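Text of the file work.txt, holding compact mmCIF, C-alpha atoms:
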# COMPACT_ATOMS: atom_id res chain seq x y z
CA MET A 1 8.83 7.60 -13.55
CA GLN A 2 9.25 4.00 -12.41
CA LYS A 3 6.39 2.41 -10.51
CA LEU A 4 6.83 0.83 -7.11
CA PRO A 5 5.52 -2.70 -6.52
CA ALA A 6 1.96 -2.98 -5.27
CA ARG A 7 1.82 -3.79 -1.57
CA ILE A 8 -0.41 -3.84 1.49
CA ALA A 9 -0.18 -2.22 4.90
CA ILE A 10 -1.96 -3.82 7.83
CA THR A 11 -2.46 -2.79 11.44
CA GLY A 12 -3.68 -4.76 14.41
CA ASN A 13 -2.81 -6.27 17.77
CA VAL A 14 -0.50 -9.21 18.51
CA VAL A 15 -1.94 -11.36 21.30
CA PRO A 16 -0.24 -14.40 22.92
CA LEU A 17 -2.32 -17.58 22.91
CA LYS A 18 -2.99 -19.58 26.04
CA GLU A 19 -1.32 -22.95 26.51
CA GLU A 20 -4.37 -24.99 25.49
CA LYS A 21 -4.65 -22.96 22.29
CA VAL A 22 -0.97 -23.56 21.57
CA GLN A 23 -1.53 -27.31 21.70
CA LEU A 24 -4.41 -27.01 19.24
CA VAL A 25 -2.20 -25.02 16.89
CA ALA A 26 0.54 -27.66 17.12
CA GLU A 27 -1.93 -30.43 16.29
CA SER A 28 -3.27 -28.41 13.37
CA LEU A 29 0.26 -27.89 12.04
CA ARG A 30 0.96 -31.61 12.17
CA GLU A 31 -2.21 -32.27 10.18
CA VAL A 32 -1.13 -29.70 7.60
CA MET A 33 2.31 -31.31 7.34
CA LEU A 34 0.83 -34.77 6.81
CA SER A 35 -1.62 -33.45 4.24
CA GLU A 36 1.12 -31.67 2.30
CA GLN A 37 3.38 -34.71 2.26
CA ARG A 38 0.51 -36.97 1.22
CA GLN A 39 -0.41 -34.74 -1.71
CA ILE A 40 3.23 -34.60 -2.83
CA ASN A 41 3.58 -38.39 -2.65
CA GLU A 42 0.32 -38.97 -4.53
CA ALA A 43 0.89 -36.25 -7.12
CA PRO A 44 0.46 -37.28 -10.79
CA TYR A 45 3.27 -36.88 -13.31
CA THR A 46 2.28 -33.35 -14.39
CA VAL A 47 2.61 -32.15 -10.80
CA SER A 48 5.65 -34.18 -9.75
CA GLY A 49 7.48 -32.96 -12.85
CA VAL A 50 7.26 -29.41 -11.50
CA LEU A 51 7.72 -30.13 -7.80
CA SER A 52 10.73 -32.39 -8.34
CA SER A 53 12.78 -29.42 -9.55
CA SER A 54 12.20 -27.38 -6.39
CA ASN A 55 14.37 -27.26 -3.29
CA LEU A 56 12.48 -29.31 -0.70
CA ILE A 57 14.24 -27.81 2.31
CA THR A 58 13.68 -24.15 1.50
CA THR A 59 10.19 -24.34 -0.02
CA SER A 60 8.35 -26.98 1.98
CA ARG A 61 6.26 -25.77 4.89
CA SER A 62 6.48 -29.27 6.34
CA GLU A 63 10.26 -29.22 6.52
CA ASN A 64 10.32 -25.73 8.00
CA LEU A 65 7.72 -26.55 10.64
CA LYS A 66 9.00 -30.02 11.50
CA GLU A 67 12.06 -28.66 13.27
CA LEU A 68 9.84 -26.35 15.31
CA LEU A 69 7.42 -29.06 16.39
CA ASP A 70 10.08 -31.69 17.07
CA GLY A 71 12.41 -29.35 18.93
CA VAL A 72 12.94 -29.49 22.68
CA GLU A 73 12.90 -25.73 23.11
CA GLU A 74 9.72 -24.02 24.20
CA TYR A 75 8.05 -21.60 21.85
CA GLY A 76 5.23 -19.12 22.03
CA VAL A 77 2.35 -18.76 19.61
CA TYR A 78 0.75 -15.41 18.90
CA ARG A 79 -2.40 -14.39 17.11
CA PHE A 80 -2.54 -11.26 14.98
CA ASN A 81 -5.93 -9.56 15.24
CA LEU A 82 -6.30 -7.46 12.12
CA SER A 83 -7.93 -4.06 12.54
CA SER A 84 -7.29 -2.35 9.19
CA CYS A 85 -5.82 -3.05 5.76
CA MET A 86 -4.68 -0.67 3.04
CA PHE A 87 -3.74 -1.56 -0.54
CA ILE A 88 -1.01 0.64 -2.03
CA ASP A 89 -0.85 0.49 -5.82
CA GLY A 90 2.18 0.98 -8.03
CA HIS A 91 1.61 4.74 -8.19
CA GLY A 92 1.54 5.10 -4.41
CA ARG A 93 -2.22 5.59 -4.20
CA ILE A 94 -3.77 4.15 -1.03
CA HIS A 95 -7.03 2.20 -1.10
CA GLU A 96 -8.77 1.04 2.06
CA VAL A 97 -9.81 -2.62 2.00
CA ASP A 98 -13.21 -3.50 3.44
CA MET A 99 -12.75 -5.60 6.58
CA GLU A 100 -15.87 -7.62 5.76
CA ALA A 101 -14.29 -8.63 2.45
CA ILE A 102 -11.15 -9.77 4.27
CA GLU A 103 -13.11 -11.77 6.83
CA ALA A 104 -15.11 -13.45 4.07
CA SER A 105 -12.02 -14.35 2.04
CA LYS A 106 -10.59 -17.87 1.98
CA VAL A 107 -7.08 -19.23 1.64
CA ASP A 108 -6.13 -19.84 -1.98
CA PRO A 109 -6.16 -23.61 -2.68
CA LEU A 110 -2.64 -23.40 -4.16
CA ALA A 111 -1.13 -21.54 -1.21
CA PHE A 112 0.24 -24.58 0.63
CA LEU A 113 2.44 -25.59 -2.32
CA SER A 114 2.87 -22.22 -4.03
CA ALA A 115 6.51 -21.82 -2.96
CA LYS A 116 7.41 -25.26 -4.34
CA LEU A 117 5.56 -24.56 -7.60
CA ILE A 118 7.34 -21.24 -8.10
CA ASP A 119 10.76 -22.63 -7.19
CA GLY A 120 10.28 -25.74 -9.33
CA ILE A 121 9.35 -23.67 -12.38
CA ASN A 122 12.17 -21.16 -11.88
CA ARG A 123 14.77 -23.92 -11.49
CA SER A 124 13.72 -25.52 -14.79
CA GLU A 125 15.38 -24.02 -17.88
CA SER A 126 12.68 -25.39 -20.18
CA ARG A 127 9.88 -23.88 -18.12
CA ARG A 128 11.72 -20.57 -17.88
CA ARG A 129 11.91 -20.56 -21.68
CA ALA A 130 8.18 -21.27 -21.74
CA LEU A 131 7.58 -18.15 -19.62
CA VAL A 132 9.51 -16.14 -22.21
CA LEU A 133 7.28 -17.62 -24.91
CA PHE A 134 4.18 -16.71 -22.91
CA CYS A 135 5.26 -13.07 -22.90
CA PHE A 136 5.75 -13.11 -26.67
CA VAL A 137 2.71 -15.17 -27.69
CA TYR A 138 0.08 -13.88 -25.28
CA LEU A 139 1.25 -10.31 -24.60
CA ASN A 140 3.47 -9.50 -27.59
CA ALA A 141 6.32 -8.67 -25.20
CA ASP A 142 9.88 -9.35 -26.37
CA ALA A 143 11.26 -10.84 -23.14
CA ARG A 144 14.88 -11.92 -22.83
CA ASP A 145 14.40 -13.72 -19.53
CA ALA A 146 11.53 -14.49 -17.17
CA PHE A 147 10.77 -15.86 -13.73
CA MET A 148 7.58 -17.07 -12.11
CA LEU A 149 6.66 -14.51 -9.45
CA SER A 150 3.41 -15.76 -7.90
CA VAL A 151 0.68 -18.33 -8.49
CA ASP A 152 -2.96 -18.56 -7.49
CA ARG A 153 -6.15 -20.27 -8.59
CA LYS A 154 -6.92 -17.58 -11.18
CA GLY A 155 -3.52 -17.51 -12.90
CA PHE A 156 0.05 -16.45 -12.30
CA ASP A 157 2.40 -13.46 -12.41
CA VAL A 158 5.69 -13.40 -14.30
CA LEU A 159 8.64 -11.06 -13.88
CA ALA A 160 10.17 -10.59 -17.33
CA LYS A 161 13.17 -8.71 -18.68
CA VAL A 162 11.88 -6.57 -21.56
CA PRO A 163 13.26 -3.64 -23.59
CA SER A 164 12.30 -0.19 -22.31
CA SER A 165 14.07 2.11 -24.76
CA ARG A 166 16.62 2.07 -27.57
CA LEU A 167 19.98 3.73 -26.95
CA LYS A 168 21.89 5.92 -29.41
CA ASP A 169 24.17 3.06 -30.42
CA GLY A 170 21.16 1.00 -31.49
CA THR A 171 21.15 -1.33 -28.51
CA SER A 172 18.18 -1.71 -26.19
CA GLU A 173 18.00 -0.97 -22.49
CA TYR A 174 16.15 -3.65 -20.53
CA VAL A 175 14.00 -3.46 -17.41
CA TRP A 176 12.19 -6.04 -15.31
CA LYS A 177 8.42 -5.81 -15.67
CA GLN A 178 5.58 -7.77 -14.10
CA PHE A 179 2.97 -9.47 -16.30
CA ARG A 180 -0.25 -11.23 -15.37
CA PHE A 181 -1.45 -14.41 -17.11
CA PRO A 182 -5.03 -15.36 -16.19
CA PHE A 183 -6.41 -18.86 -16.58
CA LYS A 184 -9.51 -19.55 -18.65
CA GLU A 185 -10.84 -21.57 -15.71
CA GLU A 186 -9.89 -21.41 -12.04
CA ALA A 187 -7.37 -23.99 -10.84
CA LEU A 188 -8.83 -25.30 -7.60
CA ASP A 189 -5.95 -27.70 -6.97
CA VAL A 190 -2.28 -28.11 -7.85
CA GLU A 191 -2.95 -30.77 -10.47
CA THR A 192 -5.30 -28.46 -12.39
CA PHE A 193 -2.77 -25.62 -12.17
CA CYS A 194 0.02 -27.77 -13.62
CA HIS A 195 -2.30 -29.17 -16.29
CA GLN A 196 -3.29 -25.69 -17.44
CA LEU A 197 0.35 -24.57 -17.38
CA VAL A 198 1.34 -27.49 -19.62
CA LYS A 199 -1.54 -26.71 -22.00
CA MET A 200 -0.36 -23.10 -22.24
CA GLU A 201 3.20 -24.30 -22.95
CA GLU A 202 1.99 -26.59 -25.73
CA GLU A 203 -0.20 -23.85 -27.19
CA ALA A 204 2.64 -21.31 -27.11
CA VAL A 205 5.07 -23.68 -28.82
CA LYS A 206 2.48 -24.48 -31.49
CA LYS A 207 1.85 -20.79 -32.18
CA VAL A 208 5.56 -19.97 -32.39
CA SER A 209 6.07 -22.91 -34.75
CA GLY A 210 3.24 -21.57 -36.88
CA TYR A 211 4.85 -18.12 -37.04
CA SER A 212 8.13 -19.61 -38.20
CA GLY A 213 6.53 -21.98 -40.70
CA LEU A 214 7.71 -25.10 -38.88
CA THR A 215 4.27 -26.70 -38.51
Output the file's structure as structure tokens, nothing else.
Amino acid sequence: MQKLPARIAITGNVVPLKEEKVQLVAESLREVMLSEQRQINEAPYTVSGVLSSSNLITTSRSENLKELLDGVEEYGVYRFNLSSCMFIDGHGRIHEVDMEAIEASKVDPLAFLSAKLIDGINRSESRRRALVLFCFVYLNADARDAFMLSVDRKGFDVLAKVPSSRLKDGTSEYVWKQFRFPFKEEALDVETFCHQLVKMEEEAVKKVSGYSGLT
């Protein structure tokens, strides 16, 4: 039986904000846009090497929000007041999430550039090959292809194409499977994330070279 992807179900009320609140939101968005662009411009080589491969238009929050803020059309802003949250695991089991835990949670420090990181890695053939090596070296999984699925301060998730069973003619049937790669230390900024990713790539290449006697 194939598992379904883990997911969440939330309920709550959608409430329109008053005009003065809308202006505050617009100002906050502009600050976010400036902050994102500043961090991209000041990014060191390890970060720019990843971000430069991504599609700026489709992955940048700044580009997506700029058209909204600069447009002449009026828009409404709504607030979603969360009332309940359920986590549904891959087997369909439902787990209620404590509202206090949600209220105490903070935005992941990589969230603002996560889409660019994921897209930049997935558009790079060399980094895609590194993800395949990660599956082999760290999880002993014989992946034929792999994509970065999600990133956060504690690590990242990879979607890899791995063999599920061997057919009668001797060939293998492949399925896409999700794997988790935790960091040894939390990455509290994009630079640390990219630095740890590069270290893992170097370590994986070194181990594979050792297996093949190429050291």
For CA of Val15 (chain A) and CA of Arg79 (chain A), determine how far apart the two atoms are, in Å to one decimal place. 5.2 Å
Name all residues at most 10 Å from Val198 (chain A) (count all atoms listed in the file; drop same-chain ones fewer than 6 positions away) and give them as a PyMOL selection string. chain A and resi 46+127+130+192+204
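In this comparison, which uses all atoms listed in the file, the residue of A:Glu36, A:Glu27, A:Glu19, A:Glu202 approaching Val137 (chain A) most closely is A:Glu202.
The space separating CA of Leu110 (chain A) from CA of Gln178 (chain A) comes to 20.3 Å.
Of the residues under consideration (A:Glu20, A:Glu191, A:Asp89, A:Glu100), A:Glu191 shows the shortest atom-to-atom contact distance to Val50 (chain A) when counting only C-alpha atoms.
In this structure, CA of Asp157 (chain A) sits 13.1 Å away from CA of Tyr138 (chain A).
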Give me the residues near region 81-88 of chain A as a list in words, where near means some atom within 8 Å (using all atoms listed in the file) and where sequence neighbours in that chain fewer than 6 positions away do not count. Ala6, Arg7, Ile8, Ala9, Ile10, Thr11, Gly12, Asn13, Val14, Val15, Ile94, His95, Glu96, Val97, Asp98 and Met99 of chain A
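Candidate residues A:Pro5, A:Ser28, A:Asn55, A:Glu74 were compared for distance to Ala115 (chain A), and the nearest is A:Asn55, using all atoms listed in the file.
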For Leu131 (chain A): contacts at 12 Å, only C-alpha atoms, fewer than 3 positions along chain excluded, given as a VMD selection string: chain A and resid 118 121 to 122 124 to 128 134 to 139 141 to 149 156 to 161 178 to 181 197 to 198 200 to 202 204 to 205
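Distance annotation: of A:Leu133, A:Ile40, A:Val107, A:Val175, the residue with the minimal separation from Val190 (chain A) is A:Ile40; atom set is only C-alpha atoms.
The closest residue to Arg123 (chain A), picked from A:Ser164, A:Gln39, A:Asn140, A:Ser54 and counting all atoms listed in the file, is A:Ser54.
Between Gly120 (chain A) and the residues A:Leu188, A:Val162, A:Ala104, A:Val47, the shortest atom-to-atom distance, using only C-alpha atoms, involves A:Val47.
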